[in-house]
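What follows is a short report on a single structure.
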Amino acid sequence: MGTRSAGGRCSLIADHSEAPTVREIAAAVGLASPSSALYQLRRLEEAGIVRRARGAGSRDYRLS
């Protein structure tokens, strides 16, 4: 996702008291739309890097 370092992505997670929304993730990594971020999140889920916490709405992705 994007060209930010892993440290930049981790700080995005650490800066929130809860998981960031897909829209916040898109903005943080420089993607043009939330749908682009959602596509990348689904690919990461398929790879086992993130998982979905069902029922959490727009903040349902967690690191595995």
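Naming scheme: A, B, ... for chains in displayed order of the structure tokens; residues 1 onward per chain; ligands 1 onward as shown.
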Test item: residues at most 12 Å from A:Arg62, only C-alpha atoms, excluding those fewer than 5 positions along its chain, as a ChimeraX atom specification = /A:10,13,18-22,41-42,44-45,48-54,56
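For the pair atom CA of A:Leu31 and atom CA of A:Asp60, the interatomic distance is 19.0 Å.
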In Å and to one decimal, atom CA of A:Ser36 is distant from atom CA of A:Arg23 by 9.6 Å
Taken to one decimal, the atom CA of A:Val29-atom CA of A:Glu46 distance is 19.7 Å
